[in-house]
Amino acid sequence: MSTITATETSAPLPAPVTRPDYRVTGRRVVRSEWAKLWSLRSTWITLGLGLVFLVAFGLIAAAQFRSRTGSGHHMDPDFASSTAVSLSLFGTNFAQLALGVLGVLVTAGEYSTGMIRSTLAAVPRRLPVLWSKSAVFGLVSLAVGTAGAFVTFLFASHIVSGTSAAMTFSHPGVVRSLLGAGLYLGLVGVIGTALGALLRSVAGGISVLVGALMLVPGLISLLPTSWQDDISPYLPSNAGESMFALTHDGSALSPTAGLVVFLGWTVLASAGAAFRLVRSDA
């Protein structure tokens, strides 16, 4: 009886699956935050409002100055001494609210929706998330603020041409003031993102932002005059204003000193946000 021996052939092993490299890098975190920022409708609306506030109020102020010059209407002494720069930057205080509020929404909005858990699960080290959000939105605010300031001055200078406020880009300090306004608005955006991450509440972040930039300077006026002179120049809004003011009185900071002080406030807010992000759960 013959024996048939079956030769068992082994099947080839499947080729190893090559998986893409999904390492978390700073560049990828920045790209992620950039995509998230522009995917929100509120980004387009609020940035648009900030730009409209900056341009519209500056042009309205210039038109008002032009209409009252030589018409016999009484003008407030401060308004009568306005320049094309101060008129074109009249809307900065309104634009800072729009950009600061959007900065709060960039970070606090993720805590409100619970999306922050997915974000931190993807980036376990946490701090790159905060730095990326601050950098992305800060640069966007800087670009919007700078473009708005230059565009407004371009049209406002034509409106007030032939008056005492007339100026051109070649006048000393004009370009520095316009760049300072854009930088100020960019840093306001960074402070907004820091407050949103620090307080983790949209309402809380907006309240602190508005209070720090608009309410505290008014409350300082209730203090004795000697205290006002020592404290007022170092408040965030006053230090920021000295960054883009064309002229400075004896009580105001110089543009460089104002920049240093306002950077200090920005660093302080960001440090507080970083500390809470690392120390507490999402």
# chains A, B, ... in the order shown; residues from 1 in each chain; ligands from 1
$ residues_around --residues "stretch 273-281 of chain A" --least-positions-apart "4" --cutoff "9 Å" --atoms "only C-alpha atoms" --output "list in words"
Arg125, Arg126, Leu127, Leu130, Trp131, Thr193, Ala194, Leu195, Gly196, Ala197, Leu198, Leu199, Leu268 and Ala269 of chain A
$ write_last_selection --atoms "N, CA and C atoms" --output "short mmCIF file (atom, residue, chain, number, x, y, z; two decimals), in the first residue's frame"
data_model
loop_
_atom_site.label_atom_id
_atom_site.label_comp_id
_atom_site.auth_asym_id
_atom_site.auth_seq_id
_atom_site.Cartn_x
_atom_site.Cartn_y
_atom_site.Cartn_z
N ARG A 125 0.81 67.27 26.26
CA ARG A 125 1.69 68.20 26.97
C ARG A 125 0.99 69.52 27.31
N ARG A 126 -0.13 69.79 26.69
CA ARG A 126 -1.03 70.90 27.01
C ARG A 126 -0.51 72.28 26.62
N LEU A 127 0.64 72.66 27.12
CA LEU A 127 1.11 74.02 26.89
C LEU A 127 1.24 74.39 25.41
N LEU A 130 -1.93 76.11 24.25
CA LEU A 130 -2.09 77.51 24.64
C LEU A 130 -1.19 78.42 23.81
N TRP A 131 0.07 78.04 23.65
CA TRP A 131 0.98 78.88 22.87
C TRP A 131 0.53 78.98 21.42
N THR A 193 -7.17 85.51 24.73
CA THR A 193 -7.01 84.05 24.74
C THR A 193 -6.52 83.58 26.10
N ALA A 194 -5.64 84.35 26.72
CA ALA A 194 -5.11 83.97 28.04
C ALA A 194 -6.22 84.02 29.10
N LEU A 195 -7.05 85.05 29.06
CA LEU A 195 -8.14 85.15 30.04
C LEU A 195 -9.16 84.04 29.85
N GLY A 196 -9.41 83.67 28.60
CA GLY A 196 -10.33 82.57 28.35
C GLY A 196 -9.82 81.26 28.90
N ALA A 197 -8.50 81.01 28.75
CA ALA A 197 -7.91 79.78 29.28
C ALA A 197 -7.79 79.82 30.80
N LEU A 198 -7.58 81.01 31.36
CA LEU A 198 -7.41 81.14 32.79
C LEU A 198 -8.74 80.97 33.53
N LEU A 199 -9.79 81.62 33.04
CA LEU A 199 -11.09 81.60 33.72
C LEU A 199 -12.00 80.49 33.22
N LEU A 268 1.89 88.28 32.07
CA LEU A 268 1.25 87.91 33.33
C LEU A 268 -0.03 87.12 33.09
N ALA A 269 -0.86 87.57 32.17
CA ALA A 269 -2.10 86.85 31.86
C ALA A 269 -1.79 85.47 31.28
#
$ closest_atom_pairs --of "stretch 178-276 of chain A" --to "stretch 43-66 of chain A" --cutoff "12 Å" --atoms "only C-alpha atoms" --output "Markdown table"
| residue | atom | partner | partner_atom | distance |
| --- | --- | --- | --- | --- |
| A:Leu178 | CA | A:Leu54 | CA | 11.9 |
| A:Ala181 | CA | A:Leu54 | CA | 10.4 |
| A:Gly182 | CA | A:Leu54 | CA | 10.6 |
| A:Leu185 | CA | A:Gly50 | CA | 9.8 |
| A:Gly186 | CA | A:Gly50 | CA | 11.8 |
| A:Gly189 | CA | A:Leu47 | CA | 10.8 |
$ closest_residue --among "A:Val85, A:Leu102, A:Arg28, A:Ser161" --to "A:Leu40" --atoms "only C-alpha atoms"
A:Leu102
$ select_by_dssp --residues "stretch 49-119 of chain A" --states "alpha helix (DSSP H)" --output "PyMOL selection string"
chain A and resi 49-68+77-80+84-88+92-113+115-119
$ closest_residue --among "A:Gln228, A:Ser201, A:Ser254, A:Ser177" --to "A:Thr113" --atoms "only C-alpha atoms"
A:Ser201
$ residues_around --residues "A:Ile116" --least-positions-apart "3" --cutoff "12 Å" --atoms "only C-alpha atoms" --output "PyMOL selection string"
chain A and resi 33+36+106-113+119-124+126+129-130+197+200+277+281-282
$ residues_around --residues "stretch 214-220 of chain A" --least-positions-apart "2" --cutoff "8 Å" --atoms "only C-alpha atoms" --output "ChimeraX atom specification"
/A:210-212,222-223,228,231-232,235,237-238
$ write_last_selection --atoms "N, CA and C atoms" --output "CSV table (one decimal), in the first residue's frame"
chain,number,residue,atom,x,y,z
A,210,VAL,N,-13.2,93.5,29.8
A,210,VAL,CA,-13.9,94.8,29.7
A,210,VAL,C,-13.5,95.7,30.9
A,211,GLY,N,-13.5,95.0,32.1
A,211,GLY,CA,-13.2,95.7,33.3
A,211,GLY,C,-11.8,96.2,33.3
A,212,ALA,N,-10.8,95.4,32.9
A,212,ALA,CA,-9.4,95.8,32.9
A,212,ALA,C,-9.1,97.0,31.9
A,222,LEU,N,-11.2,108.1,40.8
A,222,LEU,CA,-11.7,108.4,42.1
A,222,LEU,C,-10.6,108.5,43.2
A,223,LEU,N,-9.4,108.1,42.9
A,223,LEU,CA,-8.4,108.1,43.9
A,223,LEU,C,-7.8,109.5,43.9
A,228,GLN,N,-3.3,108.9,41.4
A,228,GLN,CA,-3.6,108.7,39.9
A,228,GLN,C,-2.3,108.8,39.1
A,231,ILE,N,-0.3,105.6,39.4
A,231,ILE,CA,-0.9,104.3,39.0
A,231,ILE,C,-1.4,104.3,37.5
A,232,SER,N,-2.0,105.4,37.2
A,232,SER,CA,-2.7,105.5,35.9
A,232,SER,C,-1.8,105.1,34.7
A,235,LEU,N,-1.6,101.2,33.9
A,235,LEU,CA,-2.8,100.4,33.6
A,235,LEU,C,-2.7,99.9,32.2
A,237,SER,N,-4.8,99.7,29.6
A,237,SER,CA,-5.3,100.5,28.5
A,237,SER,C,-4.4,101.8,28.3
A,238,ASN,N,-4.0,102.4,29.4
A,238,ASN,CA,-3.2,103.6,29.3
A,238,ASN,C,-1.8,103.3,28.7
$ residues_around --residues "stretch 239-247 of chain A" --least-positions-apart "4" --cutoff "9 Å" --atoms "only C-alpha atoms" --output "PDB file with C-alpha atoms, in the first residue's frame"
ATOM      1  CA  THR A  83      -4.290 115.094  14.276  1.00  0.00           C
ATOM      2  CA  VAL A  85      -3.397 110.009  13.343  1.00  0.00           C
ATOM      3  CA  SER A  86      -5.501 110.480  16.474  1.00  0.00           C
ATOM      4  CA  LEU A  89      -7.228 105.684  15.474  1.00  0.00           C
ATOM      5  CA  PRO A 172       7.561 111.973  11.865  1.00  0.00           C
ATOM      6  CA  GLY A 173       5.967 109.345  14.078  1.00  0.00           C
ATOM      7  CA  VAL A 174       2.991 108.553  11.826  1.00  0.00           C
ATOM      8  CA  ARG A 176       5.293 104.273  14.197  1.00  0.00           C
ATOM      9  CA  SER A 177       1.890 105.184  15.632  1.00  0.00           C
ATOM     10  CA  LEU A 178      -0.020 103.110  13.084  1.00  0.00           C
ATOM     11  CA  LEU A 179       2.227 100.094  13.643  1.00  0.00           C
ATOM     12  CA  GLY A 180       1.882 100.595  17.397  1.00  0.00           C
ATOM     13  CA  ALA A 181      -1.919 100.496  17.107  1.00  0.00           C
ATOM     14  CA  GLY A 182      -1.752  97.229  15.183  1.00  0.00           C
ATOM     15  CA  LEU A 183       0.643  95.728  17.723  1.00  0.00           C
ATOM     16  CA  TYR A 184      -1.587  96.859  20.581  1.00  0.00           C
ATOM     17  CA  LEU A 185      -4.627  95.146  19.064  1.00  0.00           C
ATOM     18  CA  SER A 232      -2.697 105.475  35.868  1.00  0.00           C
ATOM     19  CA  PRO A 233       0.177 105.287  33.318  1.00  0.00           C
ATOM     20  CA  TYR A 234       0.762 101.619  34.143  1.00  0.00           C
ATOM     21  CA  LEU A 235      -2.806 100.430  33.615  1.00  0.00           C
ATOM     22  CA  ALA A 252       2.195 109.400  30.019  1.00  0.00           C
ATOM     23  CA  LEU A 253       4.730 106.706  29.262  1.00  0.00           C
ATOM     24  CA  SER A 254       6.925 106.812  26.193  1.00  0.00           C
ATOM     25  CA  PRO A 255       6.037 104.419  23.350  1.00  0.00           C
ATOM     26  CA  THR A 256       8.846 102.042  24.332  1.00  0.00           C
ATOM     27  CA  ALA A 257       7.961 102.093  28.028  1.00  0.00           C
ATOM     28  CA  GLY A 258       4.289 101.601  27.176  1.00  0.00           C
ATOM     29  CA  LEU A 259       5.168  98.583  25.049  1.00  0.00           C
ATOM     30  CA  VAL A 260       7.251  97.074  27.847  1.00  0.00           C
ATOM     31  CA  VAL A 261       4.458  97.579  30.409  1.00  0.00           C
ATOM     32  CA  PHE A 262       1.769  96.184  28.124  1.00  0.00           C
TER      33      PHE A 262
END
$ residues_around --residues "A:Leu154" --least-positions-apart "4" --cutoff "9 Å" --atoms "only C-alpha atoms" --output "tab-separated table (two decimals) with N, CA, C and O atoms, in the first residue's frame"
chain	number	residue	atom	x	y	z
A	88	SER	N	-7.85	109.01	13.00
A	88	SER	CA	-7.98	107.72	12.33
A	88	SER	C	-7.93	106.56	13.30
A	88	SER	O	-8.47	105.48	13.02
A	149	ALA	N	-5.64	100.14	10.58
A	149	ALA	CA	-5.05	101.43	10.95
A	149	ALA	C	-4.50	102.16	9.72
A	149	ALA	O	-4.74	103.37	9.55
A	150	PHE	N	-3.80	101.46	8.85
A	150	PHE	CA	-3.22	102.10	7.67
A	150	PHE	C	-4.31	102.52	6.68
A	150	PHE	O	-4.23	103.61	6.09
A	158	HIS	N	-7.01	112.23	3.79
A	158	HIS	CA	-7.61	112.96	2.68
A	158	HIS	C	-8.80	113.80	3.15
A	158	HIS	O	-9.02	114.90	2.66
A	168	THR	N	0.61	113.34	6.56
A	168	THR	CA	0.85	112.30	5.58
A	168	THR	C	1.73	111.23	6.22
A	168	THR	O	2.20	111.38	7.35
A	169	PHE	N	1.94	110.16	5.49
A	169	PHE	CA	2.77	109.08	6.00
A	169	PHE	C	4.21	109.53	6.26
A	169	PHE	O	4.92	108.90	7.05
$ closest_residue --among "A:Val24, A:Ala80, A:Val144, A:Ile159" --to "A:Ala95" --atoms "only C-alpha atoms"
A:Val144
$ closest_residue --among "A:Arg31, A:Val190, A:Phe155, A:Ala147" --to "A:Ala271" --atoms "only C-alpha atoms"
A:Val190
$ atom_distance --atom1 "atom CA of A:Gly138" --atom2 "atom CA of A:Trp38"
13.8 Å
$ atom_distance --atom1 "atom CA of A:Trp265" --atom2 "atom CA of A:Gly205"
15.2 Å
